[in-house]
$ cat input_11.cif   # mmCIF, C-alpha atoms
data_run
#
loop_
_atom_site.label_atom_id
_atom_site.label_comp_id
_atom_site.auth_asym_id
_atom_site.auth_seq_id
_atom_site.Cartn_x
_atom_site.Cartn_y
_atom_site.Cartn_z
CA MET A 11 -1.48 -34.56 -36.64
CA GLU A 12 -1.13 -36.86 -33.68
CA ARG A 13 -2.40 -34.61 -30.96
CA ASP A 14 -5.37 -36.02 -29.14
CA GLY A 15 -5.24 -39.60 -30.27
CA ASN A 16 -8.37 -39.50 -32.46
CA LEU A 17 -7.98 -42.53 -34.62
CA PRO A 18 -10.17 -44.09 -37.24
CA ALA A 19 -12.70 -46.32 -35.55
CA GLU A 20 -11.47 -49.38 -37.36
CA THR A 21 -8.09 -49.21 -35.70
CA ALA A 22 -9.09 -47.68 -32.38
CA ASP A 23 -11.90 -50.11 -31.62
CA ASP A 24 -9.91 -53.29 -31.64
CA MET A 25 -7.32 -53.15 -28.90
CA SER A 26 -7.85 -56.78 -27.97
CA GLY A 27 -4.74 -58.04 -29.68
CA GLN A 28 -6.65 -61.22 -30.49
CA GLY A 29 -5.93 -63.14 -33.65
CA ALA A 30 -2.68 -63.83 -35.42
CA ALA A 31 -0.83 -60.99 -37.07
CA PRO A 32 -0.78 -61.30 -40.83
CA ALA A 33 2.22 -63.01 -42.38
CA GLY A 34 4.45 -61.29 -44.92
CA VAL A 35 4.96 -57.56 -45.10
CA THR A 36 2.34 -54.85 -44.65
CA VAL A 37 2.78 -51.34 -46.06
CA VAL A 38 1.00 -48.86 -43.79
CA VAL A 39 0.37 -45.48 -45.43
CA CYS A 40 -0.74 -42.36 -43.60
CA ALA A 41 -3.77 -41.40 -45.70
CA THR A 42 -4.20 -37.93 -44.23
CA CYS A 43 -0.73 -36.55 -44.98
CA ARG A 44 -0.86 -33.35 -47.00
CA ASP A 45 1.32 -32.43 -49.96
CA GLU A 46 4.02 -29.76 -49.72
CA SER A 47 1.46 -26.98 -50.08
CA GLY A 48 -0.19 -28.05 -46.84
CA SER A 49 -3.56 -27.96 -48.57
CA ASP A 50 -6.57 -29.59 -46.93
CA ALA A 51 -7.93 -30.56 -50.34
CA HIS A 52 -9.18 -34.08 -50.85
CA PRO A 53 -8.07 -36.59 -51.85
CA ARG A 54 -5.07 -35.96 -49.64
CA ALA A 55 -1.61 -36.68 -51.03
CA GLY A 56 -1.30 -39.52 -48.51
CA LEU A 57 -4.36 -41.23 -49.94
CA LEU A 58 -2.94 -40.87 -53.45
CA LEU A 59 0.25 -42.54 -52.20
CA ALA A 60 -1.79 -45.38 -50.71
CA GLU A 61 -3.58 -45.89 -54.02
CA ASP A 62 -0.26 -45.82 -55.86
CA ALA A 63 1.11 -48.46 -53.48
CA ARG A 64 -1.98 -50.64 -53.97
CA ARG A 65 -1.52 -50.49 -57.74
CA ALA A 66 2.16 -51.40 -57.37
CA ALA A 67 1.31 -54.32 -55.09
CA ALA A 68 -1.39 -55.51 -57.48
CA ARG A 69 1.16 -55.75 -60.30
CA ASP A 70 2.87 -58.58 -58.39
CA PRO A 71 0.14 -60.42 -56.49
CA GLN A 72 2.41 -63.39 -55.79
CA ALA A 73 4.51 -61.21 -53.50
CA GLU A 74 1.44 -60.87 -51.23
CA ILE A 75 2.32 -57.35 -50.09
CA ARG A 76 -0.61 -55.82 -48.23
CA VAL A 77 -1.31 -52.08 -48.22
CA ARG A 78 -3.27 -50.54 -45.34
CA THR A 79 -4.05 -46.96 -44.41
CA VAL A 80 -4.13 -45.23 -41.05
CA GLU A 81 -5.01 -41.67 -40.13
CA CYS A 82 -1.68 -40.62 -38.66
CA LEU A 83 1.79 -42.06 -38.25
CA GLY A 84 2.84 -39.06 -36.14
CA ASN A 85 5.54 -38.11 -38.63
CA CYS A 86 3.91 -34.84 -39.64
CA LYS A 87 7.20 -32.93 -39.81
CA ARG A 88 8.42 -35.02 -42.73
CA ARG A 89 5.33 -35.05 -44.90
CA LEU A 90 4.15 -38.15 -46.71
CA SER A 91 4.78 -41.12 -44.51
CA ALA A 92 4.53 -44.87 -44.58
CA ALA A 93 5.67 -47.79 -42.45
CA LEU A 94 6.75 -51.30 -43.36
CA LEU A 95 5.77 -53.97 -40.83
CA ARG A 96 6.67 -57.65 -40.66
CA ASP A 97 5.64 -59.84 -37.75
CA GLY A 98 8.46 -60.44 -35.27
CA CYS A 99 10.80 -58.00 -37.03
CA TRP A 100 11.90 -54.39 -36.62
CA SER A 101 9.32 -51.91 -37.95
CA TYR A 102 10.40 -49.09 -40.28
CA VAL A 103 8.96 -45.61 -40.82
CA PHE A 104 9.75 -43.51 -43.87
CA GLY A 105 8.98 -39.86 -44.63
CA ASP A 106 9.59 -37.33 -47.40
CA LEU A 107 7.70 -39.61 -49.80
CA THR A 108 5.64 -38.45 -52.79
CA PRO A 109 2.31 -39.64 -54.18
CA GLU A 110 4.40 -41.63 -56.69
CA SER A 111 6.43 -43.55 -54.10
CA GLY A 112 4.17 -46.61 -54.15
CA GLU A 113 6.54 -48.62 -56.34
CA ASP A 114 9.45 -47.86 -53.98
CA LEU A 115 7.42 -48.91 -50.94
CA VAL A 116 6.47 -52.19 -52.57
CA ALA A 117 10.09 -52.77 -53.65
CA GLY A 118 11.18 -52.19 -50.03
CA ALA A 119 8.44 -54.50 -48.80
CA LYS A 120 9.66 -57.27 -51.11
CA LEU A 121 13.25 -56.85 -49.88
CA PHE A 122 11.93 -57.02 -46.32
CA ALA A 123 9.84 -60.11 -47.02
CA ALA A 124 12.84 -61.92 -48.50
CA SER A 125 15.25 -60.89 -45.74
CA GLN A 126 16.77 -63.73 -43.75
CA ASP A 127 17.68 -61.66 -40.70
CA GLY A 128 14.40 -59.77 -40.50
CA LEU A 129 15.95 -56.42 -41.44
CA ILE A 130 15.46 -54.47 -44.65
CA PRO A 131 18.83 -54.65 -46.37
CA TRP A 132 20.45 -51.30 -47.14
CA ARG A 133 21.86 -52.50 -50.41
CA GLY A 134 19.21 -52.49 -53.09
CA ARG A 135 16.83 -50.31 -51.11
CA PRO A 136 15.22 -47.60 -53.28
CA ASP A 137 16.92 -44.24 -52.65
CA SER A 138 13.70 -42.79 -51.26
CA LEU A 139 13.78 -45.46 -48.53
CA LYS A 140 17.40 -44.60 -47.70
CA ARG A 141 17.05 -40.82 -47.57
CA GLY A 142 13.56 -41.01 -46.11
CA LEU A 143 14.27 -43.30 -43.17
CA VAL A 144 12.62 -41.76 -40.13
CA ALA A 145 12.92 -44.50 -37.54
CA ARG A 146 13.01 -48.21 -36.95
CA ILE A 147 11.62 -49.91 -33.87
CA PRO A 148 12.54 -53.32 -32.53
CA PRO A 149 9.81 -55.82 -31.74
CA LEU A 150 9.17 -56.24 -28.03
CA ASP A 151 10.01 -59.92 -27.95
CA LEU A 152 13.48 -59.20 -29.30
CA LEU A 153 14.15 -57.06 -26.24
CA LYS A 154 13.33 -59.55 -23.54
CA ASP A 155 16.94 -60.68 -23.11
CA VAL A 156 18.62 -57.37 -23.89
CA PRO A 157 20.27 -55.57 -20.96
CA MET B 18 23.54 -44.74 -38.32
CA GLU B 19 21.24 -47.37 -39.74
CA ARG B 20 23.04 -48.12 -42.94
CA ASP B 21 24.03 -51.71 -43.28
CA GLY B 22 21.95 -53.30 -40.59
CA ASN B 23 24.79 -54.15 -38.23
CA LEU B 24 23.01 -54.63 -34.94
CA PRO B 25 24.19 -55.72 -31.54
CA ALA B 26 24.38 -59.50 -31.43
CA GLU B 27 21.90 -59.74 -28.62
CA THR B 28 19.13 -58.29 -30.74
CA ALA B 29 20.20 -59.55 -34.13
CA ASP B 30 20.66 -63.16 -33.13
CA ASP B 31 17.18 -63.85 -31.86
CA MET B 32 14.77 -63.52 -34.73
CA SER B 33 12.73 -66.49 -33.60
CA GLY B 34 9.94 -64.43 -32.14
CA GLN B 35 9.46 -67.17 -29.56
CA GLY B 36 8.39 -66.35 -26.04
CA ALA B 37 5.86 -63.88 -24.77
CA ALA B 38 6.54 -60.18 -25.10
CA PRO B 39 7.03 -58.51 -21.73
CA ALA B 40 3.97 -56.93 -20.16
CA GLY B 41 3.83 -53.24 -19.30
CA VAL B 42 5.82 -50.56 -21.07
CA THR B 43 9.41 -50.78 -22.28
CA VAL B 44 11.54 -47.69 -22.87
CA VAL B 45 14.00 -48.40 -25.68
CA VAL B 46 16.90 -45.96 -25.82
CA CYS B 47 19.35 -45.65 -28.70
CA ALA B 48 22.63 -45.92 -26.78
CA THR B 49 24.84 -44.82 -29.66
CA CYS B 50 23.24 -41.43 -30.35
CA ARG B 51 25.72 -38.57 -30.17
CA ASP B 52 25.20 -35.19 -28.51
CA GLU B 53 24.79 -32.00 -30.56
CA SER B 54 28.54 -31.73 -31.10
CA GLY B 55 28.51 -35.00 -33.02
CA SER B 56 31.43 -36.21 -30.94
CA ASP B 57 32.39 -39.88 -30.95
CA ALA B 58 33.48 -39.65 -27.31
CA HIS B 59 32.30 -42.35 -24.92
CA PRO B 60 30.07 -42.69 -23.07
CA ARG B 61 27.78 -41.50 -25.85
CA ALA B 62 24.97 -39.10 -24.98
CA GLY B 63 22.50 -41.86 -25.78
CA LEU B 64 24.01 -44.11 -23.15
CA LEU B 65 23.81 -41.29 -20.61
CA LEU B 66 20.13 -40.92 -21.47
CA ALA B 67 19.61 -44.66 -20.96
CA GLU B 68 21.27 -44.46 -17.55
CA ASP B 69 19.17 -41.44 -16.66
CA ALA B 70 16.02 -43.35 -17.65
CA ARG B 71 17.08 -46.37 -15.58
CA ARG B 72 17.54 -44.15 -12.53
CA ALA B 73 14.12 -42.57 -13.09
CA ALA B 74 12.50 -45.99 -13.47
CA ALA B 75 14.24 -47.24 -10.32
CA ARG B 76 12.71 -44.41 -8.31
CA ASP B 77 9.29 -46.00 -8.86
CA PRO B 78 9.84 -49.76 -9.06
CA GLN B 79 6.13 -50.49 -8.64
CA ALA B 80 5.47 -48.94 -12.06
CA GLU B 81 7.56 -51.77 -13.58
CA ILE B 82 8.89 -49.64 -16.43
CA ARG B 83 11.71 -51.46 -18.19
CA VAL B 84 14.58 -49.64 -19.90
CA ARG B 85 16.47 -51.34 -22.72
CA THR B 86 19.13 -50.10 -25.11
CA VAL B 87 19.63 -50.74 -28.81
CA GLU B 88 22.36 -49.59 -31.17
CA CYS B 89 20.22 -47.59 -33.56
CA LEU B 90 16.62 -46.49 -33.88
CA GLY B 91 17.31 -45.04 -37.33
CA ASN B 92 16.33 -41.55 -36.21
CA CYS B 93 19.80 -40.11 -36.61
CA LYS B 94 18.54 -36.80 -38.04
CA ARG B 95 16.86 -35.87 -34.77
CA ARG B 96 19.59 -36.75 -32.31
CA LEU B 97 18.90 -38.51 -29.03
CA SER B 98 16.12 -40.98 -29.58
CA ALA B 99 13.99 -43.39 -27.63
CA ALA B 100 10.89 -45.48 -28.23
CA LEU B 101 8.04 -46.50 -25.95
CA LEU B 102 6.63 -49.97 -26.61
CA ARG B 103 3.61 -51.74 -25.13
CA ASP B 104 2.48 -55.14 -26.32
CA GLY B 105 -0.51 -54.94 -28.68
CA CYS B 106 -0.41 -51.13 -28.84
CA TRP B 107 0.94 -48.45 -31.14
CA SER B 108 4.70 -47.92 -30.74
CA TYR B 109 6.09 -44.40 -30.34
CA VAL B 110 9.45 -42.92 -31.32
CA PHE B 111 10.76 -39.65 -29.90
CA GLY B 112 13.77 -37.55 -30.89
CA ASP B 113 15.41 -34.27 -29.88
CA LEU B 114 15.88 -35.67 -26.37
CA THR B 115 18.72 -34.79 -24.00
CA PRO B 116 20.77 -36.91 -21.61
CA GLU B 117 18.43 -35.59 -18.89
CA SER B 118 15.18 -36.73 -20.56
CA GLY B 119 15.00 -39.98 -18.56
CA GLU B 120 12.36 -38.66 -16.18
CA ASP B 121 10.19 -37.54 -19.11
CA LEU B 122 10.48 -40.92 -20.80
CA VAL B 123 9.46 -42.71 -17.63
CA ALA B 124 6.57 -40.27 -17.11
CA GLY B 125 5.41 -41.00 -20.67
CA ALA B 126 5.80 -44.72 -20.06
CA LYS B 127 3.59 -44.51 -16.98
CA LEU B 128 0.91 -42.63 -18.92
CA PHE B 129 1.12 -45.29 -21.63
CA ALA B 130 0.90 -48.13 -19.11
CA ALA B 131 -2.22 -46.63 -17.53
CA SER B 132 -3.92 -45.85 -20.86
CA GLN B 133 -7.23 -47.61 -21.44
CA ASP B 134 -7.20 -47.26 -25.23
CA GLY B 135 -3.58 -48.28 -25.72
CA LEU B 136 -2.47 -44.81 -26.84
CA ILE B 137 -0.27 -42.35 -24.97
CA PRO B 138 -2.62 -39.50 -24.04
CA TRP B 139 -1.59 -36.09 -25.36
CA ARG B 140 -2.78 -34.33 -22.24
CA GLY B 141 -0.27 -34.68 -19.45
CA ARG B 142 2.52 -35.80 -21.76
CA PRO B 143 5.84 -34.10 -20.94
CA ASP B 144 6.56 -31.31 -23.44
CA SER B 145 9.63 -33.13 -24.72
CA LEU B 146 7.38 -36.02 -25.76
CA LYS B 147 5.02 -33.64 -27.57
CA ARG B 148 7.63 -31.63 -29.46
CA GLY B 149 9.86 -34.65 -29.94
CA LEU B 150 7.34 -37.04 -31.46
CA VAL B 151 8.97 -38.63 -34.49
CA ALA B 152 6.54 -41.38 -35.40
CA ARG B 153 4.02 -43.86 -34.11
CA ILE B 154 3.42 -47.25 -35.64
CA PRO B 155 0.33 -49.42 -35.28
CA PRO B 156 0.68 -53.03 -34.19
CA LEU B 157 0.20 -55.50 -37.01
CA ASP B 158 -2.76 -57.24 -35.43
CA LEU B 159 -4.67 -53.97 -35.33
CA LEU B 160 -4.40 -53.78 -39.11
CA LYS B 161 -5.84 -57.12 -40.01
CA ASP B 162 -9.37 -55.76 -40.51
CA VAL B 163 -8.42 -52.32 -41.80
CA PRO B 164 -9.11 -51.63 -45.48
#
$ encode --input "input_11.cif" --output "structure tokens"
Amino acid sequence: MERDGNLPAETADDMSGQGAAPAGVTVVVCATCRDESGSDAHPRAGLLLAEDARRAAARDPQAEIRVRTVECLGNCKRRLSAALLRDGCWSYVFGDLTPESGEDLVAGAKLFAASQDGLIPWRGRPDSLKRGLVARIPPLDLLKDVP
Amino acid sequence: MERDGNLPAETADDMSGQGAAPAGVTVVVCATCRDESGSDAHPRAGLLLAEDARRAAARDPQAEIRVRTVECLGNCKRRLSAALLRDGCWSYVFGDLTPESGEDLVAGAKLFAASQDGLIPWRGRPDSLKRGLVARIPPLDLLKDVP
């Protein structure tokens, strides 16, 4: 639950913004999301989803889809959550996922990586990434000339 | 409704990622969000919210809070939506806003701008930006060293 901003040290410590952002698409999974029972049991459903996504990504290493975990994507009202990020493009957040949604996330990441206009195409998107869309956010540098 | 990726030309055309992102905090309002009636009438409730946020920002020009509009933040299930963006920091999306939430958005933007750790503090956040949190997304360059 995003409440007091307590983040894992590995993300909170480096606010320098130094270094190039990774190329390609990164799948960011909230590893602390609970399953529908709300149980605190470990491993959390979110971590199982992250592991499922890593296995899916590993089946196609040439696609170079990275999977990373964070402690909270702030989407606690819509359970298992993940984001797809690509440098210079809109960012996407999805909810209502399951521990078996890793393949869908990687499929969405591949569509995103191949997109010419920097958007994830609607057509061909796994159903879970249509129904589960929570938000998309434009990159700052796309907004500099927008009224 | 984010469905087929049809975006306003001014955001869709520039995918170059060239040029520095603006400093400070940018409030991004979805200008096509409808009010609770779902009416298509213009001006849309989202545009009214954007205008309200511009007025609030103009009351404190020294804070240098920018307000920009986009056609869709993909958060159509939770009505009026806006995002707060700061270069190199987590991005935040809020929903369940009203056409009068401009002051709250600008208050949140000021908290964000003054934050030392690059997160919007929970304490002091307007209630609408606590209840209305939809998601937060880490910046890509914070993820490069995360497992």
$ resolve_selection --input "input_11.cif" --expression "the PyMOL selection byres ((chain A and resi 110-126) around 9)" --output "PDB file with C-alpha atoms, keeping the file's coordinate frame"
ATOM      1  CA  GLY A  34       4.450 -61.290 -44.920  1.00  0.00           C
ATOM      2  CA  VAL A  35       4.960 -57.560 -45.100  1.00  0.00           C
ATOM      3  CA  THR A  36       2.340 -54.850 -44.650  1.00  0.00           C
ATOM      4  CA  VAL A  37       2.780 -51.340 -46.060  1.00  0.00           C
ATOM      5  CA  LEU A  58      -2.940 -40.870 -53.450  1.00  0.00           C
ATOM      6  CA  LEU A  59       0.250 -42.540 -52.200  1.00  0.00           C
ATOM      7  CA  ALA A  60      -1.790 -45.380 -50.710  1.00  0.00           C
ATOM      8  CA  GLU A  61      -3.580 -45.890 -54.020  1.00  0.00           C
ATOM      9  CA  ASP A  62      -0.260 -45.820 -55.860  1.00  0.00           C
ATOM     10  CA  ALA A  63       1.110 -48.460 -53.480  1.00  0.00           C
ATOM     11  CA  ARG A  64      -1.980 -50.640 -53.970  1.00  0.00           C
ATOM     12  CA  ARG A  65      -1.520 -50.490 -57.740  1.00  0.00           C
ATOM     13  CA  ALA A  66       2.160 -51.400 -57.370  1.00  0.00           C
ATOM     14  CA  ALA A  67       1.310 -54.320 -55.090  1.00  0.00           C
ATOM     15  CA  ALA A  73       4.510 -61.210 -53.500  1.00  0.00           C
ATOM     16  CA  GLU A  74       1.440 -60.870 -51.230  1.00  0.00           C
ATOM     17  CA  ILE A  75       2.320 -57.350 -50.090  1.00  0.00           C
ATOM     18  CA  VAL A  77      -1.310 -52.080 -48.220  1.00  0.00           C
ATOM     19  CA  ALA A  92       4.530 -44.870 -44.580  1.00  0.00           C
ATOM     20  CA  ALA A  93       5.670 -47.790 -42.450  1.00  0.00           C
ATOM     21  CA  LEU A  94       6.750 -51.300 -43.360  1.00  0.00           C
ATOM     22  CA  LEU A  95       5.770 -53.970 -40.830  1.00  0.00           C
ATOM     23  CA  ARG A  96       6.670 -57.650 -40.660  1.00  0.00           C
ATOM     24  CA  LEU A 107       7.700 -39.610 -49.800  1.00  0.00           C
ATOM     25  CA  THR A 108       5.640 -38.450 -52.790  1.00  0.00           C
ATOM     26  CA  PRO A 109       2.310 -39.640 -54.180  1.00  0.00           C
ATOM     27  CA  ASP A 127      17.680 -61.660 -40.700  1.00  0.00           C
ATOM     28  CA  GLY A 128      14.400 -59.770 -40.500  1.00  0.00           C
ATOM     29  CA  LEU A 129      15.950 -56.420 -41.440  1.00  0.00           C
ATOM     30  CA  ILE A 130      15.460 -54.470 -44.650  1.00  0.00           C
ATOM     31  CA  PRO A 131      18.830 -54.650 -46.370  1.00  0.00           C
ATOM     32  CA  GLY A 134      19.210 -52.490 -53.090  1.00  0.00           C
ATOM     33  CA  ARG A 135      16.830 -50.310 -51.110  1.00  0.00           C
ATOM     34  CA  PRO A 136      15.220 -47.600 -53.280  1.00  0.00           C
ATOM     35  CA  ASP A 137      16.920 -44.240 -52.650  1.00  0.00           C
ATOM     36  CA  SER A 138      13.700 -42.790 -51.260  1.00  0.00           C
ATOM     37  CA  LEU A 139      13.780 -45.460 -48.530  1.00  0.00           C
TER      38      LEU A 139
END
$ closest_residue --input "input_11.cif" --among "B:Thr86, B:Asn92, B:Gln79, B:Ser108" --to "Gly63 in chain B" --atoms "only C-alpha atoms"
B:Thr86
$ residues_around --input "input_11.cif" --residues "Arg146 in chain A" --least-positions-apart "5" --cutoff "7 Å" --atoms "all atoms listed in the file" --output "JSON, numbers by chain"
{"A": [100, 101, 102, 103], "B": [90, 91]}
$ write_last_selection --input "input_11.cif" --atoms "C-alpha atoms" --output "PDB file, keeping the file's coordinate frame"
ATOM      1  CA  TRP A 100      11.900 -54.390 -36.620  1.00  0.00           C
ATOM      2  CA  SER A 101       9.320 -51.910 -37.950  1.00  0.00           C
ATOM      3  CA  TYR A 102      10.400 -49.090 -40.280  1.00  0.00           C
ATOM      4  CA  VAL A 103       8.960 -45.610 -40.820  1.00  0.00           C
TER       5      VAL A 103
ATOM      6  CA  LEU B  90      16.620 -46.490 -33.880  1.00  0.00           C
ATOM      7  CA  GLY B  91      17.310 -45.040 -37.330  1.00  0.00           C
TER       8      GLY B  91
END
$ resolve_selection --input "input_11.cif" --expression "the PyMOL selection byres ((chain B and resi 52) around 8)" --output "number ranges by chain"
B: 50-51, 53-56, 61-63, 96-97, 115
$ atom_distance --input "input_11.cif" --atom1 "CA of Val80 in chain A" --atom2 "CA of Val39 in chain A"
6.3 Å
$ atom_distance --input "input_11.cif" --atom1 "CA of Pro149 in chain A" --atom2 "CA of Gly105 in chain B"
10.8 Å
$ closest_residue --input "input_11.cif" --among "B:Val45, B:Leu64, B:Ala58, B:Ala75" --to "chain A" --atoms "only C-alpha atoms"
B:Val45
$ atom_distance --input "input_11.cif" --atom1 "CA of Leu152 in chain A" --atom2 "CA of Ala33 in chain A"
17.7 Å
$ closest_residue --input "input_11.cif" --among "B:Arg148, B:Lys161, B:His59, B:Arg76" --to "chain A" --atoms "only C-alpha atoms"
B:Lys161
$ closest_residue --input "input_11.cif" --among "B:Gly112, B:Arg95, B:Asp57, B:Asp104" --to "Asp158 in chain B" --atoms "all atoms listed in the file"
B:Asp104
$ closest_residue --input "input_11.cif" --among "A:Gly142, A:Arg78, A:Phe104, A:Asp70" --to "chain B" --atoms "all atoms listed in the file"
A:Arg78
$ build_atoms --input "input_11.cif" --residues "range 82-101 of chain B" --atoms "N, CA, C and O atoms" --output "PDB file, in the frame of the given file"
ATOM      1  N   ILE B  82       8.473 -50.147 -15.121  1.00  0.00           N
ATOM      2  CA  ILE B  82       8.890 -49.640 -16.430  1.00  0.00           C
ATOM      3  C   ILE B  82      10.287 -50.198 -16.721  1.00  0.00           C
ATOM      4  O   ILE B  82      11.217 -50.002 -15.942  1.00  0.00           O
ATOM      5  N   ARG B  83      10.406 -50.920 -17.807  1.00  0.00           N
ATOM      6  CA  ARG B  83      11.710 -51.460 -18.190  1.00  0.00           C
ATOM      7  C   ARG B  83      12.437 -50.496 -19.118  1.00  0.00           C
ATOM      8  O   ARG B  83      11.801 -49.825 -19.938  1.00  0.00           O
ATOM      9  N   VAL B  84      13.756 -50.464 -19.010  1.00  0.00           N
ATOM     10  CA  VAL B  84      14.580 -49.640 -19.900  1.00  0.00           C
ATOM     11  C   VAL B  84      15.552 -50.578 -20.620  1.00  0.00           C
ATOM     12  O   VAL B  84      16.254 -51.360 -19.963  1.00  0.00           O
ATOM     13  N   ARG B  85      15.572 -50.517 -21.915  1.00  0.00           N
ATOM     14  CA  ARG B  85      16.470 -51.340 -22.720  1.00  0.00           C
ATOM     15  C   ARG B  85      17.210 -50.440 -23.698  1.00  0.00           C
ATOM     16  O   ARG B  85      16.705 -49.374 -24.057  1.00  0.00           O
ATOM     17  N   THR B  86      18.381 -50.888 -24.128  1.00  0.00           N
ATOM     18  CA  THR B  86      19.130 -50.100 -25.110  1.00  0.00           C
ATOM     19  C   THR B  86      19.273 -50.886 -26.416  1.00  0.00           C
ATOM     20  O   THR B  86      19.334 -52.121 -26.407  1.00  0.00           O
ATOM     21  N   VAL B  87      19.310 -50.158 -27.513  1.00  0.00           N
ATOM     22  CA  VAL B  87      19.630 -50.740 -28.810  1.00  0.00           C
ATOM     23  C   VAL B  87      20.692 -49.856 -29.459  1.00  0.00           C
ATOM     24  O   VAL B  87      20.968 -48.752 -28.980  1.00  0.00           O
ATOM     25  N   GLU B  88      21.271 -50.352 -30.539  1.00  0.00           N
ATOM     26  CA  GLU B  88      22.360 -49.590 -31.170  1.00  0.00           C
ATOM     27  C   GLU B  88      21.873 -48.492 -32.084  1.00  0.00           C
ATOM     28  O   GLU B  88      22.581 -47.525 -32.327  1.00  0.00           O
ATOM     29  N   CYS B  89      20.669 -48.639 -32.639  1.00  0.00           N
ATOM     30  CA  CYS B  89      20.220 -47.590 -33.560  1.00  0.00           C
ATOM     31  C   CYS B  89      18.719 -47.689 -33.759  1.00  0.00           C
ATOM     32  O   CYS B  89      18.198 -48.758 -34.088  1.00  0.00           O
ATOM     33  N   LEU B  90      18.051 -46.570 -33.588  1.00  0.00           N
ATOM     34  CA  LEU B  90      16.620 -46.490 -33.880  1.00  0.00           C
ATOM     35  C   LEU B  90      16.379 -45.814 -35.229  1.00  0.00           C
ATOM     36  O   LEU B  90      15.249 -45.516 -35.590  1.00  0.00           O
ATOM     37  N   GLY B  91      17.460 -45.554 -35.963  1.00  0.00           N
ATOM     38  CA  GLY B  91      17.310 -45.040 -37.330  1.00  0.00           C
ATOM     39  C   GLY B  91      16.849 -43.594 -37.410  1.00  0.00           C
ATOM     40  O   GLY B  91      16.523 -43.101 -38.482  1.00  0.00           O
ATOM     41  N   ASN B  92      16.857 -42.920 -36.279  1.00  0.00           N
ATOM     42  CA  ASN B  92      16.330 -41.550 -36.210  1.00  0.00           C
ATOM     43  C   ASN B  92      17.476 -40.550 -36.081  1.00  0.00           C
ATOM     44  O   ASN B  92      17.408 -39.559 -35.378  1.00  0.00           O
ATOM     45  N   CYS B  93      18.545 -40.820 -36.810  1.00  0.00           N
ATOM     46  CA  CYS B  93      19.800 -40.110 -36.610  1.00  0.00           C
ATOM     47  C   CYS B  93      19.694 -38.617 -36.944  1.00  0.00           C
ATOM     48  O   CYS B  93      20.545 -37.827 -36.541  1.00  0.00           O
ATOM     49  N   LYS B  94      18.665 -38.222 -37.696  1.00  0.00           N
ATOM     50  CA  LYS B  94      18.540 -36.800 -38.040  1.00  0.00           C
ATOM     51  C   LYS B  94      17.999 -35.975 -36.882  1.00  0.00           C
ATOM     52  O   LYS B  94      18.034 -34.754 -36.931  1.00  0.00           O
ATOM     53  N   ARG B  95      17.437 -36.637 -35.879  1.00  0.00           N
ATOM     54  CA  ARG B  95      16.860 -35.870 -34.770  1.00  0.00           C
ATOM     55  C   ARG B  95      17.478 -36.273 -33.434  1.00  0.00           C
ATOM     56  O   ARG B  95      16.831 -36.365 -32.418  1.00  0.00           O
ATOM     57  N   ARG B  96      18.757 -36.535 -33.507  1.00  0.00           N
ATOM     58  CA  ARG B  96      19.590 -36.750 -32.310  1.00  0.00           C
ATOM     59  C   ARG B  96      19.029 -37.778 -31.322  1.00  0.00           C
ATOM     60  O   ARG B  96      18.509 -38.810 -31.727  1.00  0.00           O
ATOM     61  N   LEU B  97      19.191 -37.502 -30.045  1.00  0.00           N
ATOM     62  CA  LEU B  97      18.900 -38.510 -29.030  1.00  0.00           C
ATOM     63  C   LEU B  97      17.466 -39.042 -29.157  1.00  0.00           C
ATOM     64  O   LEU B  97      16.507 -38.266 -29.165  1.00  0.00           O
ATOM     65  N   SER B  98      17.391 -40.353 -29.223  1.00  0.00           N
ATOM     66  CA  SER B  98      16.120 -40.980 -29.580  1.00  0.00           C
ATOM     67  C   SER B  98      15.767 -42.095 -28.610  1.00  0.00           C
ATOM     68  O   SER B  98      16.644 -42.771 -28.072  1.00  0.00           O
ATOM     69  N   ALA B  99      14.482 -42.276 -28.445  1.00  0.00           N
ATOM     70  CA  ALA B  99      13.990 -43.390 -27.630  1.00  0.00           C
ATOM     71  C   ALA B  99      12.609 -43.772 -28.128  1.00  0.00           C
ATOM     72  O   ALA B  99      11.912 -42.969 -28.774  1.00  0.00           O
ATOM     73  N   ALA B 100      12.215 -45.001 -27.849  1.00  0.00           N
ATOM     74  CA  ALA B 100      10.890 -45.480 -28.230  1.00  0.00           C
ATOM     75  C   ALA B 100      10.176 -45.990 -26.988  1.00  0.00           C
ATOM     76  O   ALA B 100      10.813 -46.414 -26.020  1.00  0.00           O
ATOM     77  N   LEU B 101       8.863 -45.914 -27.007  1.00  0.00           N
ATOM     78  CA  LEU B 101       8.040 -46.500 -25.950  1.00  0.00           C
ATOM     79  C   LEU B 101       7.193 -47.599 -26.583  1.00  0.00           C
ATOM     80  O   LEU B 101       6.458 -47.352 -27.540  1.00  0.00           O
TER      81      LEU B 101
END
